[in-house]
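Reproduced below: upload-v4.pdb, with PDB, C-alpha atoms, pLDDT in the B column.
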ATOM      1  CA  ALA A  30     120.142  19.058 -65.066  1.00 81.00           C
ATOM      2  CA  GLN A  31     120.595  15.525 -66.302  1.00 88.00           C
ATOM      3  CA  SER A  32     119.171  12.263 -65.057  1.00 93.00           C
ATOM      4  CA  VAL A  33     118.631   8.697 -66.135  1.00 96.00           C
ATOM      5  CA  THR A  34     115.858   6.292 -65.229  1.00 96.00           C
ATOM      6  CA  GLN A  35     116.261   2.573 -65.673  1.00 96.00           C
ATOM      7  CA  LEU A  36     113.012   0.690 -65.345  1.00 92.00           C
ATOM      8  CA  GLY A  37     113.361  -2.656 -63.632  1.00 91.00           C
ATOM      9  CA  SER A  38     116.126  -3.353 -61.151  1.00 93.00           C
ATOM     10  CA  HIS A  39     116.075  -6.996 -62.269  1.00 96.00           C
ATOM     11  CA  VAL A  40     115.265  -8.534 -65.639  1.00 97.00           C
ATOM     12  CA  SER A  41     115.104 -12.299 -66.140  1.00 97.00           C
ATOM     13  CA  VAL A  42     115.278 -13.980 -69.524  1.00 97.00           C
ATOM     14  CA  SER A  43     115.864 -17.462 -70.820  1.00 98.00           C
ATOM     15  CA  GLU A  44     118.940 -18.278 -72.841  1.00 97.00           C
ATOM     16  CA  GLY A  45     118.192 -17.479 -76.479  1.00 97.00           C
ATOM     17  CA  ALA A  46     115.435 -14.990 -75.671  1.00 98.00           C
ATOM     18  CA  LEU A  47     115.373 -11.305 -76.532  1.00 98.00           C
ATOM     19  CA  VAL A  48     117.028  -8.964 -74.057  1.00 98.00           C
ATOM     20  CA  LEU A  49     115.455  -5.531 -73.551  1.00 98.00           C
ATOM     21  CA  LEU A  50     116.795  -3.169 -70.889  1.00 98.00           C
ATOM     22  CA  ARG A  51     115.069   0.181 -70.642  1.00 98.00           C
ATOM     23  CA  CYS A  52     116.652   3.599 -70.201  1.00 97.00           C
ATOM     24  CA  ASN A  53     114.997   7.005 -70.279  1.00 97.00           C
ATOM     25  CA  TYR A  54     116.940  10.207 -69.877  1.00 96.00           C
ATOM     26  CA  SER A  55     116.433  13.842 -69.090  1.00 93.00           C
ATOM     27  CA  SER A  56     118.930  16.425 -70.257  1.00 87.00           C
ATOM     28  CA  SER A  57     119.048  20.204 -70.570  1.00 83.00           C
ATOM     29  CA  VAL A  58     121.627  19.920 -73.375  1.00 83.00           C
ATOM     30  CA  PRO A  59     121.919  17.510 -76.306  1.00 86.00           C
ATOM     31  CA  PRO A  60     122.827  14.276 -74.595  1.00 90.00           C
ATOM     32  CA  TYR A  61     125.542  11.754 -75.042  1.00 93.00           C
ATOM     33  CA  LEU A  62     124.332   8.365 -73.864  1.00 95.00           C
ATOM     34  CA  PHE A  63     126.263   5.323 -72.746  1.00 96.00           C
ATOM     35  CA  TRP A  64     125.594   1.741 -71.716  1.00 98.00           C
ATOM     36  CA  TYR A  65     128.119   0.086 -69.437  1.00 98.00           C
ATOM     37  CA  VAL A  66     128.210  -3.492 -68.157  1.00 97.00           C
ATOM     38  CA  GLN A  67     129.615  -4.578 -64.802  1.00 95.00           C
ATOM     39  CA  TYR A  68     130.526  -8.168 -64.023  1.00 92.00           C
ATOM     40  CA  PRO A  69     130.884  -9.199 -60.366  1.00 87.00           C
ATOM     41  CA  ASN A  70     133.807  -7.569 -58.586  1.00 82.00           C
ATOM     42  CA  GLN A  71     134.923  -5.771 -61.717  1.00 86.00           C
ATOM     43  CA  GLY A  72     134.855  -2.224 -63.020  1.00 88.00           C
ATOM     44  CA  LEU A  73     132.579  -0.900 -65.727  1.00 94.00           C
ATOM     45  CA  GLN A  74     133.056  -1.820 -69.366  1.00 95.00           C
ATOM     46  CA  LEU A  75     131.591   0.227 -72.208  1.00 96.00           C
ATOM     47  CA  LEU A  76     129.057  -1.618 -74.338  1.00 97.00           C
ATOM     48  CA  LEU A  77     128.129   1.231 -76.678  1.00 96.00           C
ATOM     49  CA  LYS A  78     127.545   4.965 -76.836  1.00 95.00           C
ATOM     50  CA  TYR A  79     125.469   7.532 -78.707  1.00 94.00           C
ATOM     51  CA  THR A  80     127.202  10.772 -79.655  1.00 90.00           C
ATOM     52  CA  SER A  81     124.718  12.368 -82.080  1.00 82.00           C
ATOM     53  CA  ALA A  82     125.738  10.435 -85.178  1.00 79.00           C
ATOM     54  CA  ALA A  83     123.627   7.405 -86.122  1.00 88.00           C
ATOM     55  CA  THR A  84     120.610   6.883 -83.874  1.00 91.00           C
ATOM     56  CA  LEU A  85     121.002   3.094 -83.987  1.00 95.00           C
ATOM     57  CA  VAL A  86     124.211   2.210 -82.242  1.00 96.00           C
ATOM     58  CA  LYS A  87     125.844  -1.207 -82.348  1.00 96.00           C
ATOM     59  CA  GLY A  88     128.123  -2.290 -79.560  1.00 96.00           C
ATOM     60  CA  ILE A  89     130.117  -5.222 -78.372  1.00 95.00           C
ATOM     61  CA  ASN A  90     128.803  -8.723 -77.672  1.00 94.00           C
ATOM     62  CA  GLY A  91     125.851  -8.315 -80.047  1.00 96.00           C
ATOM     63  CA  PHE A  92     124.169  -5.484 -78.140  1.00 97.00           C
ATOM     64  CA  GLU A  93     122.614  -2.463 -79.772  1.00 97.00           C
ATOM     65  CA  ALA A  94     120.601   0.567 -78.694  1.00 98.00           C
ATOM     66  CA  GLU A  95     118.427   3.112 -80.457  1.00 96.00           C
ATOM     67  CA  PHE A  96     118.312   6.786 -79.531  1.00 95.00           C
ATOM     68  CA  LYS A  97     114.746   8.105 -79.733  1.00 95.00           C
ATOM     69  CA  LYS A  98     114.606  11.796 -78.999  1.00 92.00           C
ATOM     70  CA  SER A  99     110.808  11.964 -79.095  1.00 93.00           C
ATOM     71  CA  GLU A 100     110.614   9.315 -76.381  1.00 94.00           C
ATOM     72  CA  THR A 101     113.798  10.423 -74.535  1.00 95.00           C
ATOM     73  CA  SER A 102     114.826   6.789 -74.575  1.00 96.00           C
ATOM     74  CA  PHE A 103     117.943   4.753 -75.222  1.00 97.00           C
ATOM     75  CA  HIS A 104     116.895   1.144 -74.667  1.00 98.00           C
ATOM     76  CA  LEU A 105     119.450  -1.664 -74.918  1.00 98.00           C
ATOM     77  CA  THR A 106     118.626  -4.818 -76.841  1.00 98.00           C
ATOM     78  CA  LYS A 107     120.161  -8.105 -77.851  1.00 98.00           C
ATOM     79  CA  PRO A 108     118.318 -10.611 -80.045  1.00 97.00           C
ATOM     80  CA  SER A 109     119.464 -13.748 -78.239  1.00 97.00           C
ATOM     81  CA  ALA A 110     120.702 -13.888 -74.654  1.00 98.00           C
ATOM     82  CA  HIS A 111     123.713 -15.932 -73.628  1.00 97.00           C
ATOM     83  CA  MET A 112     124.492 -17.142 -70.140  1.00 96.00           C
ATOM     84  CA  SER A 113     127.596 -14.955 -70.233  1.00 95.00           C
ATOM     85  CA  ASP A 114     125.377 -11.845 -70.516  1.00 97.00           C
ATOM     86  CA  ALA A 115     124.366 -12.172 -66.871  1.00 96.00           C
ATOM     87  CA  ALA A 116     125.665  -8.984 -65.263  1.00 97.00           C
ATOM     88  CA  GLU A 117     124.565  -5.537 -64.151  1.00 96.00           C
ATOM     89  CA  TYR A 118     123.930  -2.927 -66.813  1.00 98.00           C
ATOM     90  CA  PHE A 119     124.116   0.820 -66.323  1.00 97.00           C
ATOM     91  CA  CYS A 120     122.809   3.565 -68.570  1.00 97.00           C
ATOM     92  CA  ALA A 121     124.526   6.950 -68.264  1.00 96.00           C
ATOM     93  CA  VAL A 122     124.243  10.441 -69.728  1.00 94.00           C
ATOM     94  CA  SER A 123     126.637  13.315 -70.230  1.00 90.00           C
ATOM     95  CA  GLY A 124     126.529  16.389 -72.447  1.00 84.00           C
ATOM     96  CA  THR A 125     128.519  19.320 -73.752  1.00 78.00           C
ATOM     97  CA  GLY A 126     129.674  21.359 -70.795  1.00 76.00           C
ATOM     98  CA  PHE A 127     128.651  18.524 -68.508  1.00 74.00           C
ATOM     99  CA  GLN A 128     131.633  16.229 -68.511  1.00 81.00           C
ATOM    100  CA  LYS A 129     130.726  13.815 -65.746  1.00 90.00           C
ATOM    101  CA  LEU A 130     128.552  10.759 -66.246  1.00 94.00           C
ATOM    102  CA  VAL A 131     125.199  10.600 -64.501  1.00 94.00           C
ATOM    103  CA  PHE A 132     124.209   6.982 -64.051  1.00 96.00           C
ATOM    104  CA  GLY A 133     120.940   5.182 -63.684  1.00 96.00           C
ATOM    105  CA  THR A 134     120.416   2.799 -60.804  1.00 95.00           C
ATOM    106  CA  GLY A 135     121.321  -0.216 -62.890  1.00 96.00           C
ATOM    107  CA  THR A 136     119.503  -3.325 -64.086  1.00 97.00           C
ATOM    108  CA  ARG A 137     120.664  -6.789 -63.144  1.00 96.00           C
ATOM    109  CA  LEU A 138     120.179  -9.224 -66.018  1.00 97.00           C
ATOM    110  CA  LEU A 139     119.595 -12.834 -65.055  1.00 97.00           C
ATOM    111  CA  VAL A 140     119.835 -15.503 -67.749  1.00 97.00           C
ATOM    112  CA  SER A 141     118.426 -18.946 -67.118  1.00 97.00           C
ATOM    113  CA  PRO A 142     119.200 -22.067 -69.141  1.00 95.00           C
TER     114      PRO A 142
ATOM    115  CA  GLY B  28     147.736  -1.877 -73.499  1.00 57.00           C
ATOM    116  CA  ALA B  29     147.456  -1.196 -69.804  1.00 84.00           C
ATOM    117  CA  GLY B  30     144.127  -0.039 -68.508  1.00 93.00           C
ATOM    118  CA  VAL B  31     143.247   2.044 -65.487  1.00 96.00           C
ATOM    119  CA  SER B  32     144.694   0.567 -62.320  1.00 96.00           C
ATOM    120  CA  GLN B  33     143.677   1.205 -58.740  1.00 97.00           C
ATOM    121  CA  SER B  34     145.202   0.323 -55.421  1.00 97.00           C
ATOM    122  CA  PRO B  35     144.559  -1.144 -52.998  1.00 97.00           C
ATOM    123  CA  SER B  36     141.859  -3.436 -54.334  1.00 96.00           C
ATOM    124  CA  ASN B  37     140.425  -3.814 -50.835  1.00 97.00           C
ATOM    125  CA  LYS B  38     140.812  -1.661 -47.751  1.00 98.00           C
ATOM    126  CA  VAL B  39     139.439  -2.263 -44.277  1.00 98.00           C
ATOM    127  CA  THR B  40     139.803   0.557 -41.808  1.00 98.00           C
ATOM    128  CA  GLU B  41     138.467   1.659 -38.460  1.00 97.00           C
ATOM    129  CA  LYS B  42     136.073   4.524 -38.054  1.00 97.00           C
ATOM    130  CA  GLY B  43     137.954   7.783 -37.629  1.00 98.00           C
ATOM    131  CA  LYS B  44     141.079   6.737 -39.516  1.00 98.00           C
ATOM    132  CA  ASP B  45     142.262   8.391 -42.737  1.00 98.00           C
ATOM    133  CA  VAL B  46     142.578   6.411 -45.994  1.00 98.00           C
ATOM    134  CA  GLU B  47     144.253   7.070 -49.323  1.00 98.00           C
ATOM    135  CA  LEU B  48     143.115   5.464 -52.558  1.00 98.00           C
ATOM    136  CA  ARG B  49     145.296   5.552 -55.650  1.00 98.00           C
ATOM    137  CA  CYS B  50     144.457   5.658 -59.343  1.00 97.00           C
ATOM    138  CA  ASP B  51     146.816   5.259 -62.309  1.00 96.00           C
ATOM    139  CA  PRO B  52     145.023   6.371 -65.475  1.00 95.00           C
ATOM    140  CA  ILE B  53     145.660   5.159 -68.988  1.00 94.00           C
ATOM    141  CA  SER B  54     148.851   6.728 -70.292  1.00 91.00           C
ATOM    142  CA  GLY B  55     148.131   9.897 -72.232  1.00 89.00           C
ATOM    143  CA  HIS B  56     144.632  10.405 -70.877  1.00 92.00           C
ATOM    144  CA  THR B  57     144.224  13.958 -69.689  1.00 89.00           C
ATOM    145  CA  ALA B  58     140.857  13.576 -67.973  1.00 92.00           C
ATOM    146  CA  LEU B  59     140.451  11.640 -64.727  1.00 94.00           C
ATOM    147  CA  TYR B  60     137.287  10.972 -62.720  1.00 95.00           C
ATOM    148  CA  TRP B  61     136.415   9.482 -59.356  1.00 97.00           C
ATOM    149  CA  TYR B  62     133.043   7.860 -58.732  1.00 97.00           C
ATOM    150  CA  ARG B  63     131.589   6.041 -55.744  1.00 97.00           C
ATOM    151  CA  GLN B  64     129.366   3.007 -55.927  1.00 95.00           C
ATOM    152  CA  SER B  65     127.336   2.143 -52.856  1.00 93.00           C
ATOM    153  CA  LEU B  66     124.203   0.159 -52.157  1.00 84.00           C
ATOM    154  CA  GLY B  67     122.220   3.137 -51.018  1.00 76.00           C
ATOM    155  CA  GLN B  68     123.351   5.750 -53.520  1.00 80.00           C
ATOM    156  CA  GLY B  69     124.226   3.814 -56.658  1.00 88.00           C
ATOM    157  CA  LEU B  70     126.983   5.226 -58.862  1.00 93.00           C
ATOM    158  CA  GLU B  71     127.735   8.854 -58.098  1.00 95.00           C
ATOM    159  CA  PHE B  72     130.280  11.299 -59.383  1.00 95.00           C
ATOM    160  CA  LEU B  73     132.836  12.665 -56.928  1.00 97.00           C
ATOM    161  CA  ILE B  74     135.481  14.739 -58.705  1.00 96.00           C
ATOM    162  CA  TYR B  75     136.876  15.409 -62.195  1.00 93.00           C
ATOM    163  CA  PHE B  76     140.353  16.541 -63.270  1.00 92.00           C
ATOM    164  CA  GLN B  77     141.099  17.877 -66.744  1.00 89.00           C
ATOM    165  CA  GLY B  78     144.691  18.758 -67.548  1.00 85.00           C
ATOM    166  CA  ASN B  79     145.888  21.758 -65.582  1.00 82.00           C
ATOM    167  CA  SER B  80     142.422  23.185 -65.026  1.00 86.00           C
ATOM    168  CA  ALA B  81     140.914  23.524 -61.580  1.00 88.00           C
ATOM    169  CA  PRO B  82     139.150  20.262 -60.708  1.00 91.00           C
ATOM    170  CA  ASP B  83     135.375  19.961 -60.601  1.00 92.00           C
ATOM    171  CA  LYS B  84     134.774  19.036 -56.972  1.00 93.00           C
ATOM    172  CA  SER B  85     131.018  19.392 -57.097  1.00 93.00           C
ATOM    173  CA  GLY B  86     130.367  15.746 -56.224  1.00 94.00           C
ATOM    174  CA  LEU B  87     132.454  15.478 -53.072  1.00 96.00           C
ATOM    175  CA  PRO B  88     130.005  14.646 -50.264  1.00 95.00           C
ATOM    176  CA  SER B  89     131.840  16.464 -47.462  1.00 95.00           C
ATOM    177  CA  ASP B  90     135.046  18.317 -46.657  1.00 96.00           C
ATOM    178  CA  ARG B  91     136.477  15.047 -45.345  1.00 98.00           C
ATOM    179  CA  PHE B  92     136.972  14.062 -48.970  1.00 98.00           C
ATOM    180  CA  SER B  93     139.780  15.489 -51.087  1.00 97.00           C
ATOM    181  CA  ALA B  94     141.711  14.466 -54.160  1.00 97.00           C
ATOM    182  CA  GLU B  95     144.802  15.524 -55.969  1.00 95.00           C
ATOM    183  CA  ARG B  96     146.412  14.674 -59.250  1.00 94.00           C
ATOM    184  CA  THR B  97     150.175  14.940 -59.419  1.00 85.00           C
ATOM    185  CA  GLY B  98     151.999  15.625 -62.672  1.00 82.00           C
ATOM    186  CA  GLY B  99     148.824  15.227 -64.658  1.00 78.00           C
ATOM    187  CA  SER B 100     148.854  11.484 -64.129  1.00 90.00           C
ATOM    188  CA  VAL B 101     148.393   9.591 -60.855  1.00 95.00           C
ATOM    189  CA  SER B 102     145.559  10.650 -58.589  1.00 97.00           C
ATOM    190  CA  THR B 103     144.969  10.069 -54.892  1.00 97.00           C
ATOM    191  CA  LEU B 104     141.591  10.263 -53.207  1.00 98.00           C
ATOM    192  CA  THR B 105     141.854  10.905 -49.475  1.00 98.00           C
ATOM    193  CA  ILE B 106     139.089  10.378 -46.964  1.00 98.00           C
ATOM    194  CA  GLN B 107     139.755  11.819 -43.527  1.00 98.00           C
ATOM    195  CA  ARG B 108     138.122  10.640 -40.328  1.00 98.00           C
ATOM    196  CA  THR B 109     136.295   7.843 -42.122  1.00 98.00           C
ATOM    197  CA  GLN B 110     132.697   7.064 -41.228  1.00 97.00           C
ATOM    198  CA  GLN B 111     130.762   3.846 -41.755  1.00 96.00           C
ATOM    199  CA  GLU B 112     128.706   5.490 -44.485  1.00 95.00           C
ATOM    200  CA  ASP B 113     131.926   5.917 -46.483  1.00 96.00           C
ATOM    201  CA  SER B 114     131.959   2.153 -47.077  1.00 97.00           C
ATOM    202  CA  ALA B 115     131.630   1.722 -50.826  1.00 97.00           C
ATOM    203  CA  VAL B 116     133.515   0.844 -53.982  1.00 96.00           C
ATOM    204  CA  TYR B 117     135.524   3.785 -55.263  1.00 97.00           C
ATOM    205  CA  LEU B 118     135.951   3.739 -59.022  1.00 97.00           C
ATOM    206  CA  CYS B 119     138.421   5.736 -61.056  1.00 97.00           C
ATOM    207  CA  ALA B 120     138.056   6.420 -64.779  1.00 96.00           C
ATOM    208  CA  SER B 121     140.101   8.216 -67.382  1.00 94.00           C
ATOM    209  CA  SER B 122     139.443   9.511 -70.855  1.00 93.00           C
ATOM    210  CA  SER B 123     141.116  11.268 -73.713  1.00 88.00           C
ATOM    211  CA  ALA B 124     139.398  14.583 -73.227  1.00 68.00           C
ATOM    212  CA  SER B 125     139.962  15.868 -76.742  1.00 71.00           C
ATOM    213  CA  GLY B 126     136.392  15.011 -77.616  1.00 61.00           C
ATOM    214  CA  GLY B 127     134.918  16.350 -74.445  1.00 80.00           C
ATOM    215  CA  ALA B 128     131.867  14.792 -72.843  1.00 83.00           C
ATOM    216  CA  GLN B 129     131.363  12.276 -75.654  1.00 86.00           C
ATOM    217  CA  GLU B 130     134.678  10.593 -74.980  1.00 89.00           C
ATOM    218  CA  THR B 131     134.534   7.124 -73.493  1.00 92.00           C
ATOM    219  CA  GLN B 132     135.507   6.883 -69.860  1.00 94.00           C
ATOM    220  CA  TYR B 133     137.574   3.784 -69.104  1.00 95.00           C
ATOM    221  CA  PHE B 134     137.098   2.452 -65.610  1.00 96.00           C
ATOM    222  CA  GLY B 135     139.473   0.746 -63.241  1.00 96.00           C
ATOM    223  CA  PRO B 136     138.496  -2.293 -61.143  1.00 95.00           C
ATOM    224  CA  GLY B 137     137.784  -0.163 -58.087  1.00 95.00           C
ATOM    225  CA  THR B 138     138.840  -0.067 -54.458  1.00 97.00           C
ATOM    226  CA  ARG B 139     136.414  -1.699 -52.052  1.00 96.00           C
ATOM    227  CA  LEU B 140     136.468   0.268 -48.804  1.00 97.00           C
ATOM    228  CA  LEU B 141     134.990  -1.099 -45.598  1.00 97.00           C
ATOM    229  CA  VAL B 142     134.851   1.122 -42.538  1.00 97.00           C
ATOM    230  CA  LEU B 143     134.297  -0.778 -39.308  1.00 96.00           C
TER     231      LEU B 143
END
Have the structure of the file written as structure tokens, please.
Amino acid sequence: AQSVTQLGSHVSVSEGALVLLRCNYSSSVPPYLFWYVQYPNQGLQLLLKYTSAATLVKGINGFEAEFKKSETSFHLTKPSAHMSDAAEYFCAVSGTGFQKLVFGTGTRLLVSP
Amino acid sequence: GAGVSQSPSNKVTEKGKDVELRCDPISGHTALYWYRQSLGQGLEFLIYFQGNSAPDKSGLPSDRFSAERTGGSVSTLTIQRTQQEDSAVYLCASSSASGGAQETQYFGPGTRLLVL
């Protein structure tokens, strides 16, 4: 079975501050891990994904995430938040023989000036 | 290039009526997925089509829900005898399945369904 836990339904940061969104996973097979972003009234857009190559993954818009097997984590970070980063962020897991994505409950990022 | 498109973007229906939601995947993508996003349940998988294989229907919440994919391209999700708890955003995604589960799923904008 696979599952994802995202700690914190809401995270608030100031513009220019570090963004850290947490994701822990559980998987019975080697996982593939994804971060998606959703802007209001839009679909999901891929930020980055881990597919068993490099453990530090760089994505779009300055985001990156590090796969840590020992901690079963895949936290999303960005050094300096922009107002345009305000959105909802979803972590998801899939795996070989397990094609569908299992999503976390999402974290809404609020960025204040 | 064109992304995943869905229609209608919004649908309001009365309890007990049937609805059909349409998804046009990215051209050439052989895998197609339906997900549902609701306040109470978050994002949940409904059904997965891969080429000519039998679909994975393991996420369909009841037998009122069905989906088909014609010609390996367009898909229709049908909800019969709609209930208020069916109100949600229905998202479609497609992927090039050559890489399997590690392939990126590209999502459409969704259909927002409201059952009165």
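Residue nearest Gln129 in chain B within the list A:Leu76, A:Leu62, A:Leu139, A:Ala83: A:Leu62 [criterion: smallest interatomic distance, only C-alpha atoms].
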Review point. Could you write out as JSON, numbers by chain the residues of chain A within 6 Å of chain B, counting all atoms listed in the file?
Key: {"A": [61, 71, 72, 73, 80, 124, 125, 128, 134]}
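If you measure from each of B:Ala29, B:Val46, B:Ala115, B:Leu59 to Gly99 in chain B using all atoms listed in the file, the closest one turns out to be B:Leu59.
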**Study point:** Output check: residues returned by the PyMOL selection byres ((chain A and resi 89) around 12), as a ChimeraX atom specification
**Key:** /A:64-66,74-78,86-88,90-94,105-107,114
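The coordinates place CA of Ala115 in chain A at 23.6 Å from CA of Phe96 in chain A.
When CA of Cys120 in chain A is paired with CA of Pro142 in chain A, their separation reads 25.9 Å.
Taking only C-alpha atoms into account, Ala94 in chain B lies nearest to B:Cys50 out of the set B:Ser123, B:Gln110, B:Ser80, B:Cys50.
The protein and nucleic acid residues lying at most 10 Å from Ala46 in chain A are Ser41, Lys107, Pro108, Ser109, Ala110, His111, Val140 and Ser141 of chain A, with all atoms listed in the file considered and sequence neighbours fewer than 5 positions away removed.
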What would the file look like if the residues just selected were written as a compact mmCIF listing (two decimals), keeping the file's coordinate frame with C-alpha atoms?
# COMPACT_ATOMS: atom_id res chain seq x y z
CA SER A 41 115.10 -12.30 -66.14
CA LYS A 107 120.16 -8.10 -77.85
CA PRO A 108 118.32 -10.61 -80.04
CA SER A 109 119.46 -13.75 -78.24
CA ALA A 110 120.70 -13.89 -74.65
CA HIS A 111 123.71 -15.93 -73.63
CA VAL A 140 119.84 -15.50 -67.75
CA SER A 141 118.43 -18.95 -67.12
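For the atom pair formed by CA of Phe103 in chain A and CA of Thr84 in chain A, the distance is 9.3 Å, given to one decimal.
With only C-alpha atoms as the atoms that count, the residue of B:Ser32, B:Asn79, B:Thr97, B:Gln64 with the shortest distance to Glu112 in chain B is B:Gln64.
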Written-out range 81-89 of chain A (all heavy atoms) as a short mmCIF file (atom, residue, chain, number, x, y, z; two decimals), in the first residue's frame:
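Ended up saving to result08.cif:
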data_model
loop_
_atom_site.label_atom_id
_atom_site.label_comp_id
_atom_site.auth_asym_id
_atom_site.auth_seq_id
_atom_site.Cartn_x
_atom_site.Cartn_y
_atom_site.Cartn_z
N SER A 81 14.22 7.79 -8.93
CA SER A 81 15.32 6.92 -8.52
C SER A 81 16.66 7.28 -9.14
O SER A 81 17.59 6.50 -9.05
CB SER A 81 15.01 5.44 -8.77
OG SER A 81 15.12 5.12 -10.15
N ALA A 82 16.77 8.43 -9.75
CA ALA A 82 18.07 8.90 -10.22
C ALA A 82 18.68 9.75 -9.09
O ALA A 82 18.86 9.26 -8.01
CB ALA A 82 17.91 9.68 -11.52
N ALA A 83 18.96 10.99 -9.34
CA ALA A 83 19.54 11.85 -8.31
C ALA A 83 18.56 12.07 -7.17
O ALA A 83 17.36 12.23 -7.40
CB ALA A 83 19.94 13.19 -8.90
N THR A 84 19.05 12.06 -5.94
CA THR A 84 18.15 12.24 -4.80
C THR A 84 17.75 13.70 -4.61
O THR A 84 16.72 13.97 -4.00
CB THR A 84 18.81 11.72 -3.51
OG1 THR A 84 20.06 12.40 -3.32
CG2 THR A 84 19.05 10.22 -3.59
N LEU A 85 18.56 14.62 -5.10
CA LEU A 85 18.19 16.04 -5.05
C LEU A 85 17.62 16.42 -6.42
O LEU A 85 18.33 16.35 -7.43
CB LEU A 85 19.40 16.91 -4.71
CG LEU A 85 19.13 18.42 -4.61
CD1 LEU A 85 18.13 18.70 -3.49
CD2 LEU A 85 20.43 19.18 -4.38
N VAL A 86 16.38 16.80 -6.42
CA VAL A 86 15.68 17.05 -7.67
C VAL A 86 15.37 18.54 -7.77
O VAL A 86 14.83 19.13 -6.83
CB VAL A 86 14.36 16.24 -7.73
CG1 VAL A 86 13.67 16.50 -9.05
CG2 VAL A 86 14.64 14.77 -7.54
N LYS A 87 15.71 19.12 -8.90
CA LYS A 87 15.39 20.53 -9.13
C LYS A 87 14.20 20.62 -10.07
O LYS A 87 14.11 19.85 -11.05
CB LYS A 87 16.59 21.25 -9.72
CG LYS A 87 17.77 21.32 -8.74
CD LYS A 87 18.89 22.17 -9.27
CE LYS A 87 20.09 22.17 -8.33
NZ LYS A 87 19.75 22.74 -7.00
N GLY A 88 13.31 21.56 -9.77
CA GLY A 88 12.12 21.70 -10.58
C GLY A 88 11.97 23.10 -11.13
O GLY A 88 12.91 23.87 -11.18
N ILE A 89 10.75 23.40 -11.50
CA ILE A 89 10.48 24.70 -12.08
C ILE A 89 10.30 25.75 -10.99
O ILE A 89 10.08 25.41 -9.82
CB ILE A 89 9.22 24.67 -12.97
CG1 ILE A 89 7.97 24.30 -12.16
CG2 ILE A 89 9.42 23.71 -14.13
CD1 ILE A 89 6.67 24.45 -12.93
#
